[in-house]
Amino acid sequence: MPIQFNFGGFDFGNFGAGAQNNQGGFTPPPKKPRKPRKAVGSPAGRIAINLLVTLVFALGYFYIELPALNFHAEELYVFLFLVCAVYCVCAVFTSGFQGDGAKGYFHFVKKQCTIPFFAVAALIAVILVGAASSWVVIRAGSYAELLTVESGDFAAEVEEISYDQIPMVDKDSAERLATRKLGELADMVSQFEVQEGFTQINYQGRPVRVATLEYADLIKWFTNRSEGLPAYLIVDMVTQDVEVVRLEEGIRYTTAEHFGRNLQRHLRFHYPTYMFANPVFEIDEEGTPFWVCPRMVKTIGLFGGTDIHGAVLVNAVTGESQYYEEVPSWVDQVYVADLIMEQYDYYGMYANGFLNSIFGQRDVKVTTDGYNYIAIGDDVYMYTGVTSVTSDQSNIGFLLSNQRTKETKFYTVAGATESSAQASAQSQVQQMRYIATFPLLLNVADQPTYFMALKGEDGLVKMYAMVNVQQYSIVSTGATVAACETSYRQALADNGIIKQEEAGVDQSGDRDLGPAQFEITDIRTAVIGGSTQYFLGAGENAEHGAVYYQISAADDPRVAMLQVGDGVLISFDRNQTPQELTVGSGGDKVVLYTIFRAESLGDYYGSSAQTDTSPGQTAENAA
């Protein structure tokens with residue numbers, strides 16, 4: 001029996017007994033009822049306040065996030081959901097928190113937010129229907145038809161390109177070269193930086209990468225924004241020369257600008273319903289800087305089938321813009337590589353139906369990991385390999401796709417993957433630890449050939465390599481492209497792939513090795529890709545203006561002993577397309593030829609010989 005203590009009615013031995021009998025027990029004071037909050041103003045006033053706050057939020061969000069006012073744009077639905085949520089929160093605050101218990105409070109909120117609730121329900125319904133109509137499971141055929149792919153004949157359609165058309169600098173190397181060049185300019189280096197995103201284009205018949213500048217920081221933006229960005233950069237992908245093009249009026253519209261001059265904001269305010277892919281920086285043939293802004297559309301259901309329909313061209317200096325359904329021919333980058341690869345993957349996966357892509361997988365193929373660009377004619381083409389979905393050890397072919405028109409051709413060429421070719425090339429120079437860039441596909445002696453640059457640890461190009469696609473054990477390297485190709489052609493002949501006479505460079509046909517004799521009028525040097533290049537001036541002629549011949553000291557060290565006034569007899573490919581350059585403030589024209597065979601240099605005959613700089617001179621005349 002428990003011991004009980006009773007002090008003034010408090011029963012400690014039997015807790016609760018006193019309280020239950022209400023005999024001296026402690027009773028807590030009753031809670032005060034919560035005083036309901038008062039509503040703000042009249043009903044009409046509250047609605048006005050709610051709408052005003054919601055409008056301010058909507059304008060602020062639109063200015064910062066820039067959603068397209070297009071029901072095909074997913075970001076629009078996020079914007080509308082947030083607008084409804086802000087209105088509801090504001091309505092609850094202005095009407096006061098009223099209601100008894102969770103159920104009563106729910107009815108109160110529902111009453112204040114009836115219209116937003118219906119709007120959100122309608123948006124959810126639209127999203128569900130739109131997503132279902134875009135579902136690849138039921139629209140596989142439509143996805144497969146996004147890209148029209150034609151079959152091509154590699155040897156017949158892909159011509160051998162001259163050396164001045166082979167891009168030898170990738171994006172990373174271009175950025176390094178441009179940053180180094182900018183560092184040499186005392187008036188710019190502390191104020192500006194090179195903006196990321198070099199665009200490869202064809203400019204005046206040359207493959208180049210172009211990029212604009214950006215302000216180094218916010219303070220530099222405040223101090224320089226009135227004059228704009230003073231220049232843009234051009235990196236020649238063949239010679240690796242970097243040109244800083246200064247402008248009379250600075251660039252004011254870029255993706256790195258702020259407020260109204262930010263390119264995306266400028267586009268959104270002028271084209272509020274358009275969806276845009278990432279803008280790219282280009283220049284026209286006169287050197288005027290533009291932003292090419294591809295217009296993105298959805299062609300399958302509400303959210304599927306991403307494609308490009310024309311582009312808006314924005315003058316980077318003035319901000320003037322115009323939409324082109326068919327873009328001008330000087331534009332090179334409209335269809336981005338990732339989009340083309342995505343569309344081809346749809347084509348390769350679903351051409352025979354969705355179920356076949358999972359079960360059976362007959363003729364299912366996908367693109368490889370990576371791509372590159374090459375200039376053909378006046379356009380830039382994207383290259384990527386194609387492999388079977390069941391194996392990634394070899395390619396079954398490759399794509400070439402026009403970046404402006406999306407004209408795409410598939411070439412059936414079985415062989416090594418790009419990664420295998422890179423590994424094969426690196427193994428040739430493993431003692432130097434060079435890294436191979438993602439390869440280009442070239443036609444060399446009617447053979448599909450991977451061409452790649454070999455870069456050192458400093459990120460600059462040191463050598464070049466060629467790997468046969470079908471027999472990737474055939475690898476050749478060289479300090480110059482000419483030396484690399486000479487070695488590669490000989491390797492093809494040694495392996496019986498081409499005839500021995502086709503490996504020579506003095507055969508009539510694709511290459512015509514002819515002599516040129518002249519007295520050296522000027523010698524210029526430049527370190528390109530880790531090798532000193534010598535440019536031998538051969539005077540001028542009426543047809544071409546100043547003529548120079550280029551040769552690497554790595555190919556023939558004797559060139560370092562030459563002096564102005566020496567007479568030389570050299571050999572060069574008379575069928576090559578020379579580089580036509582404009583130098584100096586006066587716009588002087590220079591024509592540059594590459595000496596094809598290094599071993600042909602060295603027949604020195606003294607300055608008393610008669611000068612003849614005419615390209616294509618015959619051997620008899622030279623003698």
# chains A, B, ... in the order shown; residues from 1 in each chain; ligands from 1
>>> residues_around(residues="Val312 in chain A", least_positions_apart="6", cutoff="10 Å", atoms="only C-alpha atoms", output="PDB file with N, CA and C atoms, in the first residue's frame")
ATOM      1  N   LEU A 267      17.349  40.242 -76.829  1.00  0.00           N
ATOM      2  CA  LEU A 267      16.540  39.367 -77.688  1.00  0.00           C
ATOM      3  C   LEU A 267      15.137  39.181 -77.118  1.00  0.00           C
ATOM      4  N   TYR A 271      11.879  39.902 -79.089  1.00  0.00           N
ATOM      5  CA  TYR A 271      11.207  38.688 -79.580  1.00  0.00           C
ATOM      6  C   TYR A 271      10.708  37.896 -78.368  1.00  0.00           C
ATOM      7  N   TYR A 274       9.827  34.051 -78.917  1.00  0.00           N
ATOM      8  CA  TYR A 274      10.793  33.157 -79.555  1.00  0.00           C
ATOM      9  C   TYR A 274      11.599  32.398 -78.499  1.00  0.00           C
ATOM     10  N   PHE A 276      15.249  30.515 -78.101  1.00  0.00           N
ATOM     11  CA  PHE A 276      16.543  30.603 -78.769  1.00  0.00           C
ATOM     12  C   PHE A 276      17.494  29.534 -78.255  1.00  0.00           C
ATOM     13  N   PRO A 279      23.391  31.612 -78.515  1.00  0.00           N
ATOM     14  CA  PRO A 279      23.909  32.478 -79.578  1.00  0.00           C
ATOM     15  C   PRO A 279      25.397  32.211 -79.823  1.00  0.00           C
ATOM     16  N   PHE A 290      28.681  40.050 -85.556  1.00  0.00           N
ATOM     17  CA  PHE A 290      27.258  39.731 -85.377  1.00  0.00           C
ATOM     18  C   PHE A 290      27.135  38.616 -84.342  1.00  0.00           C
ATOM     19  N   TRP A 291      25.942  38.551 -83.769  1.00  0.00           N
ATOM     20  CA  TRP A 291      25.536  37.389 -82.988  1.00  0.00           C
ATOM     21  C   TRP A 291      24.483  36.630 -83.795  1.00  0.00           C
ATOM     22  N   VAL A 292      24.741  35.363 -84.030  1.00  0.00           N
ATOM     23  CA  VAL A 292      23.783  34.496 -84.716  1.00  0.00           C
ATOM     24  C   VAL A 292      23.000  33.759 -83.644  1.00  0.00           C
ATOM     25  N   CYS A 293      21.693  34.030 -83.584  1.00  0.00           N
ATOM     26  CA  CYS A 293      20.829  33.500 -82.521  1.00  0.00           C
ATOM     27  C   CYS A 293      19.796  32.560 -83.147  1.00  0.00           C
ATOM     28  N   PRO A 294      20.075  31.247 -83.184  1.00  0.00           N
ATOM     29  CA  PRO A 294      19.137  30.301 -83.811  1.00  0.00           C
ATOM     30  C   PRO A 294      17.805  30.262 -83.079  1.00  0.00           C
ATOM     31  N   ARG A 295      16.725  30.311 -83.853  1.00  0.00           N
ATOM     32  CA  ARG A 295      15.391  30.222 -83.276  1.00  0.00           C
ATOM     33  C   ARG A 295      15.013  28.757 -83.099  1.00  0.00           C
ATOM     34  N   SER A 321      18.658  44.179 -85.058  1.00  0.00           N
ATOM     35  CA  SER A 321      18.406  42.753 -85.226  1.00  0.00           C
ATOM     36  C   SER A 321      17.375  42.513 -86.312  1.00  0.00           C
ATOM     37  N   GLN A 322      17.465  41.351 -86.925  1.00  0.00           N
ATOM     38  CA  GLN A 322      16.507  40.943 -87.950  1.00  0.00           C
ATOM     39  C   GLN A 322      16.417  39.431 -87.970  1.00  0.00           C
ATOM     40  N   TYR A 323      15.178  38.949 -88.119  1.00  0.00           N
ATOM     41  CA  TYR A 323      14.960  37.508 -88.189  1.00  0.00           C
ATOM     42  C   TYR A 323      15.008  37.046 -89.636  1.00  0.00           C
ATOM     43  N   TYR A 324      15.746  35.962 -89.887  1.00  0.00           N
ATOM     44  CA  TYR A 324      15.854  35.361 -91.219  1.00  0.00           C
ATOM     45  C   TYR A 324      15.389  33.917 -91.150  1.00  0.00           C
ATOM     46  N   GLU A 325      14.371  33.619 -91.936  1.00  0.00           N
ATOM     47  CA  GLU A 325      13.971  32.216 -92.028  1.00  0.00           C
ATOM     48  C   GLU A 325      15.018  31.423 -92.791  1.00  0.00           C
ATOM     49  N   VAL A 327      18.889  31.993 -93.544  1.00  0.00           N
ATOM     50  CA  VAL A 327      19.969  32.874 -93.120  1.00  0.00           C
ATOM     51  C   VAL A 327      20.895  33.165 -94.300  1.00  0.00           C
TER      52      VAL A 327
END
>>> select_by_dssp(residues="range 417-508 of chain A", states="helix (DSSP H, G or I)", output="list in words")
Glu418, Ser419, Ser420, Ala421, Gln422, Ala423, Ser424, Ala425, Gln426, Ser427, Gln428, Val481, Ala482, Ala483, Cys484, Glu485, Thr486, Ser487, Tyr488, Arg489, Gln490, Ala491, Leu492, Ala493, Asp494, Gln500, Glu501, Glu502 and Ala503 of chain A
>>> write_last_selection(atoms="C-alpha atoms", output="mmCIF file, in the first residue's frame")
data_model
loop_
_atom_site.group_PDB
_atom_site.id
_atom_site.type_symbol
_atom_site.label_atom_id
_atom_site.label_comp_id
_atom_site.auth_asym_id
_atom_site.auth_seq_id
_atom_site.Cartn_x
_atom_site.Cartn_y
_atom_site.Cartn_z
ATOM 1 C CA GLU A 418 38.086 8.207 -83.079
ATOM 2 C CA SER A 419 39.347 7.268 -79.616
ATOM 3 C CA SER A 420 41.229 4.283 -81.071
ATOM 4 C CA ALA A 421 42.816 6.556 -83.668
ATOM 5 C CA GLN A 422 43.850 9.032 -80.975
ATOM 6 C CA ALA A 423 45.454 6.263 -78.936
ATOM 7 C CA SER A 424 47.250 4.945 -82.006
ATOM 8 C CA ALA A 425 48.655 8.384 -82.841
ATOM 9 C CA GLN A 426 49.762 9.034 -79.263
ATOM 10 C CA SER A 427 51.591 5.706 -79.168
ATOM 11 C CA GLN A 428 53.833 6.946 -81.995
ATOM 12 C CA VAL A 481 51.265 18.726 -92.420
ATOM 13 C CA ALA A 482 53.225 18.333 -95.652
ATOM 14 C CA ALA A 483 55.811 16.094 -94.016
ATOM 15 C CA CYS A 484 53.074 14.108 -92.279
ATOM 16 C CA GLU A 485 51.198 13.485 -95.518
ATOM 17 C CA THR A 486 54.337 12.513 -97.418
ATOM 18 C CA SER A 487 55.116 9.890 -94.800
ATOM 19 C CA TYR A 488 51.483 8.743 -94.723
ATOM 20 C CA ARG A 489 51.246 8.292 -98.501
ATOM 21 C CA GLN A 490 54.418 6.246 -98.467
ATOM 22 C CA ALA A 491 52.998 4.100 -95.646
ATOM 23 C CA LEU A 492 49.862 3.468 -97.725
ATOM 24 C CA ALA A 493 52.022 2.373 -100.645
ATOM 25 C CA ASP A 494 54.210 0.146 -98.444
ATOM 26 C CA GLN A 500 53.787 3.053 -105.339
ATOM 27 C CA GLU A 501 53.626 5.756 -107.991
ATOM 28 C CA GLU A 502 50.589 7.273 -106.239
ATOM 29 C CA ALA A 503 52.686 7.867 -103.132
#
>>> residues_around(residues="Met382 in chain A", least_positions_apart="4", cutoff="9 Å", atoms="only C-alpha atoms", output="number ranges by chain")
A: 336-337, 340, 371-375, 399-403
>>> residues_around(residues="Ala526 in chain A", least_positions_apart="3", cutoff="12 Å", atoms="only C-alpha atoms", output="list in words")
Thr239, Gln240, Asp241, Ile523, Gly529, Gly530, Ser531, Thr532, Gln533, Tyr534, Phe535, Leu536, Gln550, Ile551, Ser552 and Ala553 of chain A
>>> write_last_selection(atoms="N, CA and C atoms", output="short mmCIF file (atom, residue, chain, number, x, y, z; two decimals), in the first residue's frame")
data_model
loop_
_atom_site.label_atom_id
_atom_site.label_comp_id
_atom_site.auth_asym_id
_atom_site.auth_seq_id
_atom_site.Cartn_x
_atom_site.Cartn_y
_atom_site.Cartn_z
N THR A 239 47.63 28.74 -89.80
CA THR A 239 48.92 29.33 -89.44
C THR A 239 49.07 29.58 -87.95
N GLN A 240 47.97 29.52 -87.20
CA GLN A 240 47.93 29.79 -85.77
C GLN A 240 48.22 31.26 -85.44
N ASP A 241 48.12 32.12 -86.45
CA ASP A 241 48.28 33.55 -86.21
C ASP A 241 47.02 34.10 -85.53
N ILE A 523 63.29 37.99 -95.24
CA ILE A 523 63.16 36.76 -94.44
C ILE A 523 62.43 37.12 -93.16
N GLY A 529 53.61 26.12 -83.45
CA GLY A 529 53.55 24.72 -83.03
C GLY A 529 54.87 24.19 -82.52
N GLY A 530 55.72 25.05 -81.92
CA GLY A 530 56.98 24.60 -81.36
C GLY A 530 58.11 24.52 -82.36
N SER A 531 57.85 24.86 -83.64
CA SER A 531 58.88 24.82 -84.68
C SER A 531 59.01 26.19 -85.31
N THR A 532 60.25 26.60 -85.61
CA THR A 532 60.49 27.90 -86.24
C THR A 532 60.17 27.80 -87.73
N GLN A 533 59.26 28.65 -88.17
CA GLN A 533 58.88 28.69 -89.57
C GLN A 533 59.57 29.90 -90.22
N TYR A 534 60.14 29.66 -91.41
CA TYR A 534 60.82 30.71 -92.17
C TYR A 534 59.97 31.08 -93.37
N PHE A 535 59.80 32.37 -93.57
CA PHE A 535 59.03 32.90 -94.70
C PHE A 535 60.01 33.64 -95.60
N LEU A 536 60.28 33.07 -96.77
CA LEU A 536 61.27 33.60 -97.69
C LEU A 536 60.59 34.49 -98.71
N GLN A 550 56.98 29.38 -97.46
CA GLN A 550 57.11 28.99 -96.06
C GLN A 550 57.76 27.61 -95.94
N ILE A 551 58.69 27.49 -95.00
CA ILE A 551 59.32 26.20 -94.72
C ILE A 551 59.72 26.15 -93.26
N SER A 552 59.70 24.97 -92.68
CA SER A 552 60.03 24.79 -91.27
C SER A 552 61.51 24.44 -91.13
N ALA A 553 62.14 25.02 -90.11
CA ALA A 553 63.54 24.68 -89.82
C ALA A 553 63.66 23.22 -89.40
#
>>> residues_around(residues="Val386 in chain A", least_positions_apart="5", cutoff="9 Å", atoms="only C-alpha atoms", output="PyMOL selection string")
chain A and resi 365-368+394-399+410+417
>>> write_last_selection(atoms="all heavy atoms", output="PDB file, in the first residue's frame")
ATOM      1  N   LYS A 365      21.828   2.313 -84.486  1.00  0.00           N
ATOM      2  CA  LYS A 365      23.161   2.916 -84.453  1.00  0.00           C
ATOM      3  C   LYS A 365      23.077   4.293 -83.811  1.00  0.00           C
ATOM      4  O   LYS A 365      22.032   4.945 -83.806  1.00  0.00           O
ATOM      5  CB  LYS A 365      23.738   3.024 -85.866  1.00  0.00           C
ATOM      6  CG  LYS A 365      22.764   3.544 -86.916  1.00  0.00           C
ATOM      7  CD  LYS A 365      23.308   3.327 -88.308  1.00  0.00           C
ATOM      8  CE  LYS A 365      22.327   3.810 -89.385  1.00  0.00           C
ATOM      9  NZ  LYS A 365      21.148   2.939 -89.459  1.00  0.00           N
ATOM     10  N   VAL A 366      24.201   4.743 -83.279  1.00  0.00           N
ATOM     11  CA  VAL A 366      24.275   6.027 -82.589  1.00  0.00           C
ATOM     12  C   VAL A 366      25.590   6.702 -82.951  1.00  0.00           C
ATOM     13  O   VAL A 366      26.523   6.064 -83.460  1.00  0.00           O
ATOM     14  CB  VAL A 366      24.186   5.852 -81.053  1.00  0.00           C
ATOM     15  CG1 VAL A 366      22.831   5.333 -80.639  1.00  0.00           C
ATOM     16  CG2 VAL A 366      25.296   4.927 -80.545  1.00  0.00           C
ATOM     17  N   THR A 367      25.656   7.988 -82.664  1.00  0.00           N
ATOM     18  CA  THR A 367      26.892   8.727 -82.908  1.00  0.00           C
ATOM     19  C   THR A 367      27.907   8.419 -81.802  1.00  0.00           C
ATOM     20  O   THR A 367      27.550   8.015 -80.706  1.00  0.00           O
ATOM     21  CB  THR A 367      26.628  10.242 -82.933  1.00  0.00           C
ATOM     22  OG1 THR A 367      25.974  10.630 -81.718  1.00  0.00           O
ATOM     23  CG2 THR A 367      25.740  10.607 -84.106  1.00  0.00           C
ATOM     24  N   THR A 368      29.164   8.632 -82.132  1.00  0.00           N
ATOM     25  CA  THR A 368      30.226   8.429 -81.147  1.00  0.00           C
ATOM     26  C   THR A 368      30.338   9.657 -80.240  1.00  0.00           C
ATOM     27  O   THR A 368      29.683  10.673 -80.464  1.00  0.00           O
ATOM     28  CB  THR A 368      31.570   8.177 -81.858  1.00  0.00           C
ATOM     29  OG1 THR A 368      31.817   9.245 -82.786  1.00  0.00           O
ATOM     30  CG2 THR A 368      31.536   6.859 -82.613  1.00  0.00           C
ATOM     31  N   SER A 394      34.270  -0.211 -82.920  1.00  0.00           N
ATOM     32  CA  SER A 394      34.579   0.229 -84.282  1.00  0.00           C
ATOM     33  C   SER A 394      33.426   1.063 -84.813  1.00  0.00           C
ATOM     34  O   SER A 394      32.288   0.958 -84.346  1.00  0.00           O
ATOM     35  CB  SER A 394      34.827  -0.977 -85.190  1.00  0.00           C
ATOM     36  OG  SER A 394      33.665  -1.793 -85.274  1.00  0.00           O
ATOM     37  N   ASN A 395      33.751   1.887 -85.778  1.00  0.00           N
ATOM     38  CA  ASN A 395      32.737   2.699 -86.455  1.00  0.00           C
ATOM     39  C   ASN A 395      32.227   1.976 -87.683  1.00  0.00           C
ATOM     40  O   ASN A 395      32.967   1.238 -88.348  1.00  0.00           O
ATOM     41  CB  ASN A 395      33.326   4.047 -86.876  1.00  0.00           C
ATOM     42  CG  ASN A 395      33.455   5.013 -85.715  1.00  0.00           C
ATOM     43  OD1 ASN A 395      33.004   4.724 -84.618  1.00  0.00           O
ATOM     44  ND2 ASN A 395      34.070   6.149 -85.962  1.00  0.00           N
ATOM     45  N   ILE A 396      30.959   2.220 -88.006  1.00  0.00           N
ATOM     46  CA  ILE A 396      30.410   1.673 -89.241  1.00  0.00           C
ATOM     47  C   ILE A 396      30.332   2.751 -90.324  1.00  0.00           C
ATOM     48  O   ILE A 396      30.040   2.466 -91.475  1.00  0.00           O
ATOM     49  CB  ILE A 396      29.008   1.078 -89.014  1.00  0.00           C
ATOM     50  CG1 ILE A 396      28.041   2.155 -88.499  1.00  0.00           C
ATOM     51  CG2 ILE A 396      29.080  -0.076 -88.037  1.00  0.00           C
ATOM     52  CD1 ILE A 396      26.608   1.668 -88.358  1.00  0.00           C
ATOM     53  N   GLY A 397      30.581   3.992 -89.946  1.00  0.00           N
ATOM     54  CA  GLY A 397      30.546   5.096 -90.901  1.00  0.00           C
ATOM     55  C   GLY A 397      30.672   6.416 -90.177  1.00  0.00           C
ATOM     56  O   GLY A 397      31.051   6.462 -89.000  1.00  0.00           O
ATOM     57  N   PHE A 398      30.349   7.497 -90.868  1.00  0.00           N
ATOM     58  CA  PHE A 398      30.446   8.814 -90.251  1.00  0.00           C
ATOM     59  C   PHE A 398      29.488   9.766 -90.938  1.00  0.00           C
ATOM     60  O   PHE A 398      28.987   9.511 -92.044  1.00  0.00           O
ATOM     61  CB  PHE A 398      31.872   9.350 -90.329  1.00  0.00           C
ATOM     62  CG  PHE A 398      32.363   9.594 -91.735  1.00  0.00           C
ATOM     63  CD1 PHE A 398      32.206  10.837 -92.332  1.00  0.00           C
ATOM     64  CD2 PHE A 398      32.963   8.587 -92.460  1.00  0.00           C
ATOM     65  CE1 PHE A 398      32.638  11.067 -93.611  1.00  0.00           C
ATOM     66  CE2 PHE A 398      33.403   8.809 -93.751  1.00  0.00           C
ATOM     67  CZ  PHE A 398      33.246  10.058 -94.332  1.00  0.00           C
ATOM     68  N   LEU A 399      29.227  10.882 -90.260  1.00  0.00           N
ATOM     69  CA  LEU A 399      28.337  11.922 -90.768  1.00  0.00           C
ATOM     70  C   LEU A 399      29.118  13.166 -91.127  1.00  0.00           C
ATOM     71  O   LEU A 399      30.090  13.519 -90.464  1.00  0.00           O
ATOM     72  CB  LEU A 399      27.301  12.317 -89.703  1.00  0.00           C
ATOM     73  CG  LEU A 399      26.263  11.311 -89.239  1.00  0.00           C
ATOM     74  CD1 LEU A 399      25.385  11.969 -88.187  1.00  0.00           C
ATOM     75  CD2 LEU A 399      25.426  10.820 -90.385  1.00  0.00           C
ATOM     76  N   PHE A 410      25.502  10.447 -94.774  1.00  0.00           N
ATOM     77  CA  PHE A 410      26.152   9.339 -94.072  1.00  0.00           C
ATOM     78  C   PHE A 410      27.028   8.584 -95.065  1.00  0.00           C
ATOM     79  O   PHE A 410      26.593   8.224 -96.158  1.00  0.00           O
ATOM     80  CB  PHE A 410      25.104   8.399 -93.478  1.00  0.00           C
ATOM     81  CG  PHE A 410      25.698   7.142 -92.891  1.00  0.00           C
ATOM     82  CD1 PHE A 410      26.332   7.178 -91.665  1.00  0.00           C
ATOM     83  CD2 PHE A 410      25.621   5.935 -93.575  1.00  0.00           C
ATOM     84  CE1 PHE A 410      26.886   6.027 -91.119  1.00  0.00           C
ATOM     85  CE2 PHE A 410      26.159   4.783 -93.039  1.00  0.00           C
ATOM     86  CZ  PHE A 410      26.802   4.824 -91.811  1.00  0.00           C
ATOM     87  N   THR A 417      37.331   3.597 -84.269  1.00  0.00           N
ATOM     88  CA  THR A 417      36.690   4.749 -83.646  1.00  0.00           C
ATOM     89  C   THR A 417      37.712   5.873 -83.492  1.00  0.00           C
ATOM     90  O   THR A 417      38.923   5.664 -83.591  1.00  0.00           O
ATOM     91  CB  THR A 417      36.123   4.393 -82.270  1.00  0.00           C
ATOM     92  OG1 THR A 417      37.208   3.984 -81.415  1.00  0.00           O
ATOM     93  CG2 THR A 417      35.107   3.273 -82.376  1.00  0.00           C
TER      94      THR A 417
END
>>> residues_around(residues="Tyr472 in chain A", least_positions_apart="2", cutoff="9 Å", atoms="only C-alpha atoms", output="PyMOL selection string")
chain A and resi 415-416+420-421+424+450+467-470+474-475
>>> atom_distance(atom1="CA of Glu150 in chain A", atom2="CA of Pro167 in chain A")
25.6 Å
>>> closest_atom_pairs(of="range 293-366 of chain A", to="range 191-202 of chain A", cutoff="12 Å", atoms="only C-alpha atoms", output="CSV")
residue,atom,partner,partner_atom,distance
A:Ser329,CA,A:Asn202,CA,10.8
A:Trp330,CA,A:Asn202,CA,8.1
A:Val331,CA,A:Ile201,CA,8.1
A:Asp332,CA,A:Ile201,CA,5.7
A:Gln333,CA,A:Ile201,CA,7.4
A:Val334,CA,A:Ile201,CA,11.1
A:Val336,CA,A:Thr199,CA,10.8
A:Ala337,CA,A:Gln200,CA,11.9
>>> write_last_selection(atoms="C-alpha atoms", output="compact mmCIF listing (two decimals), in the first residue's frame")
# COMPACT_ATOMS: atom_id res chain seq x y z
CA SER A 329 25.22 32.46 -96.92
CA TRP A 330 28.04 34.03 -94.91
CA VAL A 331 26.58 32.60 -91.71
CA ASP A 332 28.27 29.31 -90.79
CA GLN A 333 26.85 28.19 -87.43
CA VAL A 334 23.07 27.80 -87.16
CA VAL A 336 24.70 23.29 -83.28
CA ALA A 337 26.58 20.00 -83.32
>>> closest_atom_pairs(of="range 343-372 of chain A", to="range 144-147 of chain A", cutoff="6 Å", atoms="only C-alpha atoms", output="tab-separated table")
residue	atom	partner	partner_atom	distance
A:Gln343	CA	A:Leu147	CA	5.8
A:Tyr346	CA	A:Ala144	CA	5.1
A:Tyr347	CA	A:Ala144	CA	4.0
A:Tyr350	CA	A:Ala144	CA	5.4
A:Ala351	CA	A:Ala144	CA	5.4
>>> write_last_selection(atoms="N, CA, C and O atoms", output="PDB file, in the first residue's frame")
ATOM      1  N   GLN A 343      19.525  14.469 -83.040  1.00  0.00           N
ATOM      2  CA  GLN A 343      18.555  14.081 -84.052  1.00  0.00           C
ATOM      3  C   GLN A 343      18.988  12.822 -84.796  1.00  0.00           C
ATOM      4  O   GLN A 343      18.152  11.972 -85.135  1.00  0.00           O
ATOM      5  N   TYR A 346      18.175   9.836 -82.653  1.00  0.00           N
ATOM      6  CA  TYR A 346      16.763   9.473 -82.817  1.00  0.00           C
ATOM      7  C   TYR A 346      16.561   8.680 -84.102  1.00  0.00           C
ATOM      8  O   TYR A 346      15.859   7.665 -84.124  1.00  0.00           O
ATOM      9  N   TYR A 347      17.177   9.159 -85.177  1.00  0.00           N
ATOM     10  CA  TYR A 347      17.056   8.482 -86.473  1.00  0.00           C
ATOM     11  C   TYR A 347      17.623   7.061 -86.388  1.00  0.00           C
ATOM     12  O   TYR A 347      17.008   6.096 -86.856  1.00  0.00           O
ATOM     13  N   TYR A 350      15.282   4.866 -83.735  1.00  0.00           N
ATOM     14  CA  TYR A 350      13.850   4.640 -83.898  1.00  0.00           C
ATOM     15  C   TYR A 350      13.399   4.508 -85.347  1.00  0.00           C
ATOM     16  O   TYR A 350      12.204   4.509 -85.610  1.00  0.00           O
ATOM     17  N   ALA A 351      14.333   4.394 -86.285  1.00  0.00           N
ATOM     18  CA  ALA A 351      13.938   4.255 -87.688  1.00  0.00           C
ATOM     19  C   ALA A 351      13.101   3.002 -87.916  1.00  0.00           C
ATOM     20  O   ALA A 351      12.233   2.968 -88.798  1.00  0.00           O
TER      21      ALA A 351
END
>>> closest_residue(among="A:Tyr383, A:Tyr549, A:Tyr232, A:Tyr143", to="Glu342 in chain A", atoms="only C-alpha atoms")
A:Tyr143
>>> atom_distance(atom1="CA of Glu249 in chain A", atom2="CA of Val280 in chain A")
20.3 Å
>>> atom_distance(atom1="CA of Thr521 in chain A", atom2="CA of Asp566 in chain A")
8.4 Å
>>> residues_around(residues="Tyr548 in chain A", least_positions_apart="5", cutoff="7 Å", atoms="only C-alpha atoms", output="PyMOL selection string")
chain A and resi 535-538+591-593
>>> write_last_selection(atoms="N, CA, C and O atoms", output="JSON list (two decimals), in the first residue's frame")
[["chain", "number", "residue", "atom", "x", "y", "z"],
["A", 535, "PHE", "N", 59.80, 32.37, -93.57],
["A", 535, "PHE", "CA", 59.03, 32.90, -94.70],
["A", 535, "PHE", "C", 60.01, 33.64, -95.60],
["A", 535, "PHE", "O", 60.54, 34.70, -95.23],
["A", 536, "LEU", "N", 60.28, 33.07, -96.77],
["A", 536, "LEU", "CA", 61.27, 33.60, -97.69],
["A", 536, "LEU", "C", 60.59, 34.49, -98.71],
["A", 536, "LEU", "O", 59.76, 34.03, -99.50],
["A", 537, "GLY", "N", 60.92, 35.77, -98.70],
["A", 537, "GLY", "CA", 60.34, 36.71, -99.64],
["A", 537, "GLY", "C", 60.94, 36.54, -101.03],
["A", 537, "GLY", "O", 62.16, 36.45, -101.19],
["A", 538, "ALA", "N", 60.06, 36.47, -102.02],
["A", 538, "ALA", "CA", 60.50, 36.26, -103.41],
["A", 538, "ALA", "C", 60.16, 37.47, -104.28],
["A", 538, "ALA", "O", 59.93, 37.34, -105.48],
["A", 591, "VAL", "N", 50.95, 36.84, -100.84],
["A", 591, "VAL", "CA", 50.58, 35.49, -101.23],
["A", 591, "VAL", "C", 51.63, 34.54, -100.65],
["A", 591, "VAL", "O", 52.84, 34.75, -100.82],
["A", 592, "LEU", "N", 51.17, 33.50, -99.94],
["A", 592, "LEU", "CA", 52.07, 32.59, -99.23],
["A", 592, "LEU", "C", 51.89, 31.18, -99.77],
["A", 592, "LEU", "O", 50.80, 30.64, -99.81],
["A", 593, "TYR", "N", 53.02, 30.58, -100.18],
["A", 593, "TYR", "CA", 53.05, 29.20, -100.63],
["A", 593, "TYR", "C", 53.81, 28.35, -99.62],
["A", 593, "TYR", "O", 54.73, 28.84, -98.95]]
